[in-house]
Structures are given as C-alpha cells and as structure tokens.
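Novice: Okay, so here is protein_37.cif, and as you'll see once you scroll down, it has mmCIF, C-alpha atoms.
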```cif
data_structure
loop_
_atom_site.label_atom_id
_atom_site.label_comp_id
_atom_site.auth_asym_id
_atom_site.auth_seq_id
_atom_site.Cartn_x
_atom_site.Cartn_y
_atom_site.Cartn_z
CA GLN A 28 199.77 176.02 241.09
CA VAL A 29 198.88 173.04 243.23
CA GLN A 30 195.43 171.69 242.51
CA LEU A 31 193.57 168.65 243.80
CA GLN A 32 190.50 167.90 241.66
CA GLN A 33 188.09 165.37 243.10
CA SER A 34 185.49 163.29 241.30
CA GLY A 35 181.82 164.13 241.41
CA ALA A 36 179.05 163.30 243.84
CA GLU A 37 177.99 159.68 244.18
CA LEU A 38 174.63 158.15 245.09
CA VAL A 39 175.17 154.53 246.05
CA LYS A 40 173.16 151.70 247.57
CA PRO A 41 173.73 150.21 251.01
CA GLY A 42 176.10 147.26 250.91
CA SER A 43 177.85 148.43 247.76
CA SER A 44 181.26 150.01 247.24
CA VAL A 45 182.36 153.32 245.79
CA LYS A 46 185.70 154.57 244.50
CA ILE A 47 186.40 158.30 244.48
CA SER A 48 189.38 160.03 242.94
CA CYS A 49 191.65 162.98 243.54
CA LYS A 50 193.68 164.16 240.55
CA ALA A 51 196.78 166.16 241.47
CA SER A 52 198.47 168.80 239.36
CA GLY A 53 201.04 171.53 239.76
CA TYR A 54 203.57 169.48 241.74
CA THR A 55 205.44 166.17 241.72
CA PHE A 56 202.74 163.68 242.70
CA THR A 57 205.16 161.05 243.97
CA SER A 58 206.91 163.38 246.42
CA TYR A 59 203.99 164.22 248.71
CA ASP A 60 201.59 162.23 250.85
CA MET A 61 197.89 162.26 250.13
CA HIS A 62 195.43 162.09 252.99
CA TRP A 63 191.72 161.45 253.03
CA ILE A 64 189.34 163.10 255.49
CA LYS A 65 185.64 162.48 256.20
CA GLN A 66 183.11 165.14 257.14
CA GLN A 67 179.55 164.24 258.06
CA PRO A 68 176.89 166.97 258.23
CA GLY A 69 176.90 168.56 261.65
CA ASN A 70 179.85 166.44 262.68
CA GLY A 71 183.46 167.29 262.67
CA LEU A 72 186.30 166.06 260.55
CA GLU A 73 187.85 162.61 260.78
CA TRP A 74 191.21 161.58 259.38
CA ILE A 75 190.88 158.34 257.40
CA GLY A 76 194.45 157.63 256.29
CA TRP A 77 197.26 158.57 253.96
CA ILE A 78 199.16 157.13 251.04
CA TYR A 79 202.63 157.96 249.77
CA PRO A 80 202.30 157.62 245.98
CA GLY A 81 206.06 157.28 245.58
CA ASN A 82 206.03 153.72 246.92
CA GLY A 83 202.38 153.01 247.72
CA ASN A 84 202.88 152.95 251.48
CA THR A 85 199.69 153.54 253.43
CA LYS A 86 198.63 154.22 256.99
CA TYR A 87 195.05 154.12 258.23
CA ASN A 88 193.07 155.37 261.16
CA GLN A 89 192.17 152.09 262.90
CA LYS A 90 188.51 153.07 262.74
CA PHE A 91 188.63 152.85 258.93
CA ASN A 92 190.55 149.60 258.63
CA GLY A 93 188.51 147.39 256.36
CA LYS A 94 186.28 150.28 255.32
CA ALA A 95 188.68 152.41 253.24
CA THR A 96 191.35 151.33 250.79
CA LEU A 97 193.80 153.92 249.46
CA THR A 98 195.60 153.55 246.16
CA ALA A 99 197.48 155.82 243.77
CA ASP A 100 198.19 155.79 240.03
CA LYS A 101 201.52 157.47 239.31
CA SER A 102 200.88 157.56 235.56
CA SER A 103 197.84 159.80 235.97
CA SER A 104 198.83 161.54 239.23
CA THR A 105 195.57 160.38 240.77
CA ALA A 106 194.86 159.12 244.26
CA TYR A 107 191.87 156.91 244.94
CA MET A 108 189.85 155.89 247.96
CA GLN A 109 187.51 152.91 247.82
CA LEU A 110 184.86 152.59 250.51
CA SER A 111 183.26 149.19 250.94
CA SER A 112 180.15 147.68 252.58
CA LEU A 113 178.52 151.07 252.60
CA THR A 114 175.94 152.06 255.21
CA SER A 115 174.18 155.32 256.00
CA GLU A 116 177.05 156.12 258.38
CA ASP A 117 179.31 156.44 255.33
CA SER A 118 177.21 159.27 253.88
CA ALA A 119 179.55 162.23 254.07
CA VAL A 120 181.76 164.63 252.17
CA TYR A 121 185.21 163.17 251.62
CA PHE A 122 188.24 165.38 251.07
CA CYS A 123 191.73 164.63 249.83
CA ALA A 124 194.54 166.79 251.19
CA ARG A 125 198.27 166.97 250.62
CA SER A 126 201.07 166.95 253.17
CA VAL A 127 204.61 165.83 253.76
CA VAL A 128 204.17 163.54 256.74
CA THR A 129 207.77 163.57 257.88
CA VAL A 130 208.50 167.31 257.78
CA ALA A 131 205.28 169.24 257.08
CA PRO A 132 202.32 167.12 258.23
CA TRP A 133 199.71 169.87 257.96
CA PHE A 134 197.18 170.14 255.16
CA ALA A 135 198.03 173.16 253.05
CA TYR A 136 196.14 171.97 249.97
CA TRP A 137 192.72 170.34 249.81
CA GLY A 138 190.45 168.98 247.14
CA GLN A 139 186.98 170.47 246.81
CA GLY A 140 185.32 167.45 248.39
CA THR A 141 183.19 164.58 247.08
CA LEU A 142 179.70 164.00 248.49
CA VAL A 143 178.83 160.34 248.93
CA THR A 144 175.19 159.58 249.70
CA VAL A 145 174.28 156.05 250.70
CA SER A 146 170.60 155.40 250.11
CA SER A 147 168.37 152.70 248.71
CA ASP B 3 194.20 157.94 270.71
CA ILE B 4 194.50 161.67 271.28
CA GLN B 5 191.19 163.49 271.74
CA MET B 6 190.82 167.19 270.93
CA THR B 7 188.23 169.27 272.79
CA GLN B 8 187.45 172.60 271.20
CA SER B 9 185.58 175.48 272.87
CA PRO B 10 183.29 177.21 272.51
CA SER B 11 181.19 175.32 269.96
CA PHE B 12 179.44 178.51 268.95
CA LEU B 13 180.58 182.12 269.14
CA SER B 14 178.86 185.35 268.26
CA ALA B 15 180.96 188.51 268.02
CA SER B 16 180.91 191.99 266.48
CA VAL B 17 183.15 193.41 263.77
CA GLY B 18 186.34 194.66 265.42
CA ASP B 19 186.09 192.33 268.42
CA ARG B 20 189.00 190.25 269.64
CA VAL B 21 187.98 186.60 269.35
CA THR B 22 189.62 183.58 270.98
CA ILE B 23 188.98 179.91 270.30
CA ASN B 24 190.47 177.18 272.45
CA CYS B 25 191.60 173.62 271.87
CA LYS B 26 192.58 171.16 274.56
CA ALA B 27 194.40 167.90 273.86
CA SER B 28 193.92 164.77 275.96
CA GLN B 29 197.69 164.44 276.21
CA ASN B 30 200.84 166.41 275.43
CA ILE B 31 201.08 167.21 271.71
CA ASN B 32 204.08 169.54 272.02
CA LYS B 33 203.66 172.27 269.39
CA TYR B 34 201.98 170.09 266.76
CA LEU B 35 198.67 171.87 266.42
CA ASP B 36 197.15 173.56 263.37
CA TRP B 37 194.12 175.79 262.83
CA TYR B 38 191.79 175.68 259.83
CA GLN B 39 188.95 177.86 258.64
CA GLN B 40 186.01 176.36 256.76
CA LYS B 41 183.37 178.46 255.04
CA LEU B 42 180.03 176.99 254.04
CA GLY B 43 180.33 174.61 251.11
CA GLU B 44 184.13 174.89 250.89
CA ALA B 45 187.11 172.80 251.90
CA PRO B 46 188.97 173.76 255.07
CA LYS B 47 191.74 176.30 254.65
CA LEU B 48 194.99 176.22 256.60
CA LEU B 49 195.51 179.30 258.77
CA ILE B 50 198.24 178.36 261.24
CA TYR B 51 200.54 175.35 261.55
CA ASN B 52 202.75 174.13 264.38
CA ARG B 53 200.99 176.24 267.01
CA ASN B 54 201.92 179.72 265.79
CA SER B 55 203.28 179.73 262.23
CA LEU B 56 201.08 181.78 259.91
CA HIS B 57 200.44 180.07 256.58
CA THR B 58 201.24 181.99 253.40
CA GLY B 59 198.71 184.65 252.54
CA ILE B 60 196.84 184.54 255.86
CA PRO B 61 196.14 187.97 257.39
CA SER B 62 198.19 188.89 260.45
CA ARG B 63 195.05 189.38 262.55
CA PHE B 64 195.11 185.58 262.96
CA SER B 65 197.55 184.20 265.52
CA GLY B 66 198.08 181.01 267.46
CA SER B 67 199.57 180.25 270.85
CA GLY B 68 199.94 177.54 273.45
CA SER B 69 201.85 174.32 273.90
CA GLY B 70 201.52 170.92 275.50
CA THR B 71 197.78 170.42 275.88
CA ASP B 72 196.25 173.90 275.64
CA PHE B 73 196.14 176.03 272.51
CA THR B 74 194.40 179.21 271.39
CA LEU B 75 193.49 180.79 268.07
CA THR B 76 193.08 184.56 268.28
CA ILE B 77 191.53 186.89 265.74
CA SER B 78 192.68 190.34 266.85
CA SER B 79 189.98 192.33 265.06
CA LEU B 80 187.08 190.36 263.62
CA GLN B 81 186.19 191.08 260.00
CA PRO B 82 182.95 190.11 258.21
CA GLU B 83 184.84 187.66 256.00
CA ASP B 84 185.96 185.73 259.10
CA VAL B 85 182.49 184.23 259.55
CA ALA B 86 183.20 180.51 259.30
CA THR B 87 183.73 177.35 261.31
CA TYR B 88 187.20 176.91 262.80
CA PHE B 89 188.87 173.57 263.52
CA CYS B 90 192.04 172.62 265.31
CA LEU B 91 194.07 169.60 264.22
CA GLN B 92 196.77 167.76 266.15
CA HIS B 93 199.46 165.87 264.25
CA ASN B 94 201.72 164.84 267.10
CA SER B 95 200.40 161.28 266.93
CA GLY B 96 198.25 160.52 263.93
CA TRP B 97 195.81 163.29 263.05
CA THR B 98 192.79 164.30 265.16
CA PHE B 99 190.51 167.26 264.59
CA GLY B 100 188.69 169.29 267.20
CA GLY B 101 184.91 169.44 267.04
CA GLY B 102 184.80 172.92 265.52
CA THR B 103 183.74 176.43 266.53
CA LYS B 104 181.08 178.18 264.49
CA LEU B 105 181.75 181.92 264.44
CA GLU B 106 178.96 184.31 263.54
CA LEU B 107 178.52 188.07 263.52
CA LYS B 108 176.48 189.63 266.27
#
```
Could I get this structure in the form of structure tokens?

Specialist:
Amino acid sequence: QVQLQQSGAELVKPGSSVKISCKASGYTFTSYDMHWIKQQPGNGLEWIGWIYPGNGNTKYNQKFNGKATLTADKSSSTAYMQLSSLTSEDSAVYFCARSVVTVAPWFAYWGQGTLVTVSS
Amino acid sequence: DIQMTQSPSFLSASVGDRVTINCKASQNINKYLDWYQQKLGEAPKLLIYNRNSLHTGIPSRFSGSGSGTDFTLTISSLQPEDVATYFCLQHNSGWTFGGGTKLELK
C-alpha cells in the first residue's frame, strides 16, 4: 500500500535551515509528483510546491521562492524539502502529498506531517 | 492568484442533520475543486475530487456539487465520526486551499 513516511519533529534556531524528508513506499516513486504543504496553527493550508522525481522538475508557489527547495533521491525513494533563513513564521506542520499533476492533481495520499518549531 | 473563500468557518450540527459547506473561488475554476477532511492531529484526507467524484472508501453520505466559482460539500446525515475540519482545494491554476470549516456536534 502507498505510504509516505515523514521525518520527525525539528526544533531549529532563527536564521538557520532545516531539511525534512518524505520516504515513499508501495508505488513507483519516479512516476508520481510529490507536493509539500504548510499548515500553521489556526491557519489554513498553503501549497508550497511540487517535484517530479522522475526528472527533478519543480514548480513553486511564488510565495515560497527562495524559502523552500525541493529535491528527490530516486535511489532511496525519498523527497526532501529544505527551508532556509528560518523565522517564527516558518513554524508549522509540513506535509508531503502525492499526485499526478497532469491527470490526477488531487492529493489522495499524505504523509503524517513534520512539525518544525523555530525558536531561540 | 486564485483565492478560495470557505463558509461558514464554524458549524455546529446534530447527529442526523444535513450539513452543507460552501467554497467560492475568486475566478472560474471549472470543475477542479476537491474536498478534504482533517481530524485533530492527523493529515487531511481526500473525500471528493473534481467537484463530485467520491474518493475510494468514502461513505456515500458525502457529496459535492457546483461548478465555475461556487461549490458545496454536503453531508446528508451527520455522524459522530464526521467531527473534523473540512477544506476545499482548487487545482485549476496552481493549488489553493479554502480557509476551513470546523464542524462540531451540537
């Protein structure tokens, strides 16, 4: 069965970077897009961007240009998101989610979420 | 950018009630609207995609309707396990979520 297993919670300092992971199993990693979504407490959900692990193509929400960098490792079926120059506004739960952008762009499978807390 | 306005933000209803949640897009998104359910501490769960297609395993009491800019999620007979926050998501141009509707039991 399809599973997306995310890395654990992170406590990081302002100004630093963090890299969180999303390990995929139960399907062909290189055939599906992986999206990343941000959820702040009390706020809604924001789409950050997606990566197609088959060729590394990415597309970002303009708001997260320069903040988020998406990569994927085909050998380990793992997608990564690095967040840089962290501030308190980056404290949130981050989810990975799978789709097929061209034909099925909804999010049928999600990771469990990774809590990132930015604090000195 | 497309903005999604969801209403109401909060809803209290009794078991067996018919519940409707609305989502309005800032421009035409055709049929490209999904609905998700999120329970406390969990990831969102896909209920309906492309306006009215029920995702695998989702009970038939959930249904979606609408097109263009106005969409509705209906729960025909509210069950206790439906207590959650519900989000709409447009994927006509990029991806934009609605602000969410928190559904509680009266």

Novice: Taking 4 positions as the minimum chain separation for residues in the same chain, which residues sit within 12 Å of Lys90 of chain A when counting only C-alpha atoms? Answer as a list in words.

Specialist: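 Everything that qualifies: Lys65, Glu73, Trp74, Ile75, Gly76, Lys86, Lys94 and Ala95 of chain A; Asp3 of chain B.
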
Novice: Please find the residues of chain A near chain B - the criterion being any atom within 6 Å, counting only C-alpha atoms - and write them as a PyMOL selection string.

Specialist: chain A and resi 71-72+135+139

Novice: What does the PyMOL selection byres ((chain B and resi 61) around 12) select in this file, as a JSON list (two decimals) with C-alpha atoms, in the frame of the given file?

Specialist:
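Done, and the output landed in out_38.json:
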```json
[["chain", "number", "residue", "atom", "x", "y", "z"],
["B", 48, "LEU", "CA", 194.99, 176.22, 256.60],
["B", 49, "LEU", "CA", 195.51, 179.30, 258.77],
["B", 50, "ILE", "CA", 198.24, 178.36, 261.24],
["B", 55, "SER", "CA", 203.28, 179.73, 262.23],
["B", 56, "LEU", "CA", 201.08, 181.78, 259.91],
["B", 57, "HIS", "CA", 200.44, 180.07, 256.58],
["B", 58, "THR", "CA", 201.24, 181.99, 253.40],
["B", 59, "GLY", "CA", 198.71, 184.65, 252.54],
["B", 60, "ILE", "CA", 196.84, 184.54, 255.86],
["B", 62, "SER", "CA", 198.19, 188.89, 260.45],
["B", 63, "ARG", "CA", 195.05, 189.38, 262.55],
["B", 64, "PHE", "CA", 195.11, 185.58, 262.96],
["B", 65, "SER", "CA", 197.55, 184.20, 265.52],
["B", 76, "THR", "CA", 193.08, 184.56, 268.28],
["B", 77, "ILE", "CA", 191.53, 186.89, 265.74],
["B", 78, "SER", "CA", 192.68, 190.34, 266.85],
["B", 79, "SER", "CA", 189.98, 192.33, 265.06],
["B", 80, "LEU", "CA", 187.08, 190.36, 263.62],
["B", 81, "GLN", "CA", 186.19, 191.08, 260.00],
["B", 83, "GLU", "CA", 184.84, 187.66, 256.00],
["B", 84, "ASP", "CA", 185.96, 185.73, 259.10]]
```

Novice: Give me the result of the PyMOL selection byres ((chain B and resi 7) around 6) on this file, residue by residue, as a ChimeraX atom specification.

Specialist: /B:6,8,25-26,100

Novice: Expressed in Å to a single decimal, how great is the separation between atom CA of Val120 of chain A and atom CA of Leu142 of chain A?

Specialist: 4.3 Å

Novice: Using Å and a single decimal, report how far atom CA of Gln89 of chain A sits from atom CA of Thr129 of chain A.

Specialist: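 So the answer is 20.0 Å.
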
Novice: Keeping N, CA, C and O atoms (and nothing else), can you write segment 60-82 of chain A of this structure as a PDB file, in the first residue's frame?

Specialist:
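Output file part31.pdb follows:
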```pdb
ATOM      1  N   ASP A  60       4.125  12.844  -8.820  1.00  0.00           N
ATOM      2  CA  ASP A  60       4.628  14.097  -8.278  1.00  0.00           C
ATOM      3  C   ASP A  60       4.514  14.096  -6.755  1.00  0.00           C
ATOM      4  O   ASP A  60       3.621  13.474  -6.195  1.00  0.00           O
ATOM      5  N   MET A  61       5.410  14.802  -6.129  1.00  0.00           N
ATOM      6  CA  MET A  61       5.337  14.974  -4.682  1.00  0.00           C
ATOM      7  C   MET A  61       5.200  16.463  -4.364  1.00  0.00           C
ATOM      8  O   MET A  61       5.999  17.280  -4.819  1.00  0.00           O
ATOM      9  N   HIS A  62       4.160  16.764  -3.609  1.00  0.00           N
ATOM     10  CA  HIS A  62       3.893  18.136  -3.213  1.00  0.00           C
ATOM     11  C   HIS A  62       4.243  18.326  -1.749  1.00  0.00           C
ATOM     12  O   HIS A  62       4.271  17.374  -0.973  1.00  0.00           O
ATOM     13  N   TRP A  63       4.453  19.573  -1.394  1.00  0.00           N
ATOM     14  CA  TRP A  63       4.653  19.954   0.002  1.00  0.00           C
ATOM     15  C   TRP A  63       3.658  21.046   0.377  1.00  0.00           C
ATOM     16  O   TRP A  63       3.413  21.968  -0.415  1.00  0.00           O
ATOM     17  N   ILE A  64       3.095  20.907   1.567  1.00  0.00           N
ATOM     18  CA  ILE A  64       2.025  21.790   2.036  1.00  0.00           C
ATOM     19  C   ILE A  64       2.346  22.226   3.458  1.00  0.00           C
ATOM     20  O   ILE A  64       2.816  21.420   4.268  1.00  0.00           O
ATOM     21  N   LYS A  65       2.084  23.497   3.749  1.00  0.00           N
ATOM     22  CA  LYS A  65       2.359  24.086   5.066  1.00  0.00           C
ATOM     23  C   LYS A  65       1.045  24.312   5.809  1.00  0.00           C
ATOM     24  O   LYS A  65       0.060  24.775   5.224  1.00  0.00           O
ATOM     25  N   GLN A  66       1.051  24.019   7.099  1.00  0.00           N
ATOM     26  CA  GLN A  66      -0.108  24.301   7.943  1.00  0.00           C
ATOM     27  C   GLN A  66       0.353  24.905   9.256  1.00  0.00           C
ATOM     28  O   GLN A  66       0.989  24.249  10.069  1.00  0.00           O
ATOM     29  N   GLN A  67       0.017  26.187   9.451  1.00  0.00           N
ATOM     30  CA  GLN A  67       0.304  26.850  10.709  1.00  0.00           C
ATOM     31  C   GLN A  67      -0.888  26.694  11.643  1.00  0.00           C
ATOM     32  O   GLN A  67      -2.034  26.652  11.184  1.00  0.00           O
ATOM     33  N   PRO A  68      -0.640  26.640  12.953  1.00  0.00           N
ATOM     34  CA  PRO A  68      -1.732  26.503  13.920  1.00  0.00           C
ATOM     35  C   PRO A  68      -2.766  27.595  13.744  1.00  0.00           C
ATOM     36  O   PRO A  68      -2.417  28.778  13.652  1.00  0.00           O
ATOM     37  N   GLY A  69      -4.016  27.193  13.633  1.00  0.00           N
ATOM     38  CA  GLY A  69      -5.087  28.171  13.494  1.00  0.00           C
ATOM     39  C   GLY A  69      -5.203  28.737  12.095  1.00  0.00           C
ATOM     40  O   GLY A  69      -6.171  29.437  11.793  1.00  0.00           O
ATOM     41  N   ASN A  70      -4.243  28.482  11.264  1.00  0.00           N
ATOM     42  CA  ASN A  70      -4.296  28.962   9.885  1.00  0.00           C
ATOM     43  C   ASN A  70      -4.663  27.810   8.978  1.00  0.00           C
ATOM     44  O   ASN A  70      -4.711  26.663   9.368  1.00  0.00           O
ATOM     45  N   GLY A  71      -4.870  28.132   7.765  1.00  0.00           N
ATOM     46  CA  GLY A  71      -5.234  27.097   6.812  1.00  0.00           C
ATOM     47  C   GLY A  71      -4.005  26.406   6.257  1.00  0.00           C
ATOM     48  O   GLY A  71      -2.936  26.384   6.847  1.00  0.00           O
ATOM     49  N   LEU A  72      -4.206  25.859   5.093  1.00  0.00           N
ATOM     50  CA  LEU A  72      -3.175  25.101   4.397  1.00  0.00           C
ATOM     51  C   LEU A  72      -2.655  25.924   3.225  1.00  0.00           C
ATOM     52  O   LEU A  72      -3.438  26.602   2.544  1.00  0.00           O
ATOM     53  N   GLU A  73      -1.357  25.860   3.011  1.00  0.00           N
ATOM     54  CA  GLU A  73      -0.739  26.559   1.887  1.00  0.00           C
ATOM     55  C   GLU A  73       0.072  25.579   1.060  1.00  0.00           C
ATOM     56  O   GLU A  73       0.894  24.832   1.616  1.00  0.00           O
ATOM     57  N   TRP A  74      -0.117  25.615  -0.235  1.00  0.00           N
ATOM     58  CA  TRP A  74       0.674  24.791  -1.139  1.00  0.00           C
ATOM     59  C   TRP A  74       2.025  25.445  -1.363  1.00  0.00           C
ATOM     60  O   TRP A  74       2.096  26.636  -1.686  1.00  0.00           O
ATOM     61  N   ILE A  75       3.103  24.685  -1.162  1.00  0.00           N
ATOM     62  CA  ILE A  75       4.457  25.216  -1.282  1.00  0.00           C
ATOM     63  C   ILE A  75       5.021  24.965  -2.677  1.00  0.00           C
ATOM     64  O   ILE A  75       5.599  25.856  -3.307  1.00  0.00           O
ATOM     65  N   GLY A  76       4.871  23.736  -3.184  1.00  0.00           N
ATOM     66  CA  GLY A  76       5.423  23.407  -4.480  1.00  0.00           C
ATOM     67  C   GLY A  76       5.383  21.916  -4.715  1.00  0.00           C
ATOM     68  O   GLY A  76       4.935  21.154  -3.859  1.00  0.00           O
ATOM     69  N   TRP A  77       5.819  21.514  -5.896  1.00  0.00           N
ATOM     70  CA  TRP A  77       5.908  20.078  -6.187  1.00  0.00           C
ATOM     71  C   TRP A  77       7.176  19.755  -6.949  1.00  0.00           C
ATOM     72  O   TRP A  77       7.802  20.631  -7.560  1.00  0.00           O
ATOM     73  N   ILE A  78       7.561  18.482  -6.873  1.00  0.00           N
ATOM     74  CA  ILE A  78       8.694  17.966  -7.603  1.00  0.00           C
ATOM     75  C   ILE A  78       8.273  16.682  -8.295  1.00  0.00           C
ATOM     76  O   ILE A  78       7.493  15.898  -7.747  1.00  0.00           O
ATOM     77  N   TYR A  79       8.769  16.484  -9.508  1.00  0.00           N
ATOM     78  CA  TYR A  79       8.558  15.234 -10.212  1.00  0.00           C
ATOM     79  C   TYR A  79       9.869  14.459 -10.111  1.00  0.00           C
ATOM     80  O   TYR A  79      10.856  14.813 -10.774  1.00  0.00           O
ATOM     81  N   PRO A  80       9.922  13.434  -9.255  1.00  0.00           N
ATOM     82  CA  PRO A  80      11.189  12.735  -9.029  1.00  0.00           C
ATOM     83  C   PRO A  80      11.761  12.064 -10.274  1.00  0.00           C
ATOM     84  O   PRO A  80      12.964  11.804 -10.339  1.00  0.00           O
ATOM     85  N   GLY A  81      10.929  11.827 -11.277  1.00  0.00           N
ATOM     86  CA  GLY A  81      11.411  11.170 -12.487  1.00  0.00           C
ATOM     87  C   GLY A  81      12.494  11.952 -13.197  1.00  0.00           C
ATOM     88  O   GLY A  81      13.442  11.373 -13.749  1.00  0.00           O
ATOM     89  N   ASN A  82      12.353  13.307 -13.173  1.00  0.00           N
ATOM     90  CA  ASN A  82      13.369  14.129 -13.851  1.00  0.00           C
ATOM     91  C   ASN A  82      13.821  15.326 -13.016  1.00  0.00           C
ATOM     92  O   ASN A  82      14.624  16.127 -13.473  1.00  0.00           O
TER      93      ASN A  82
END
```
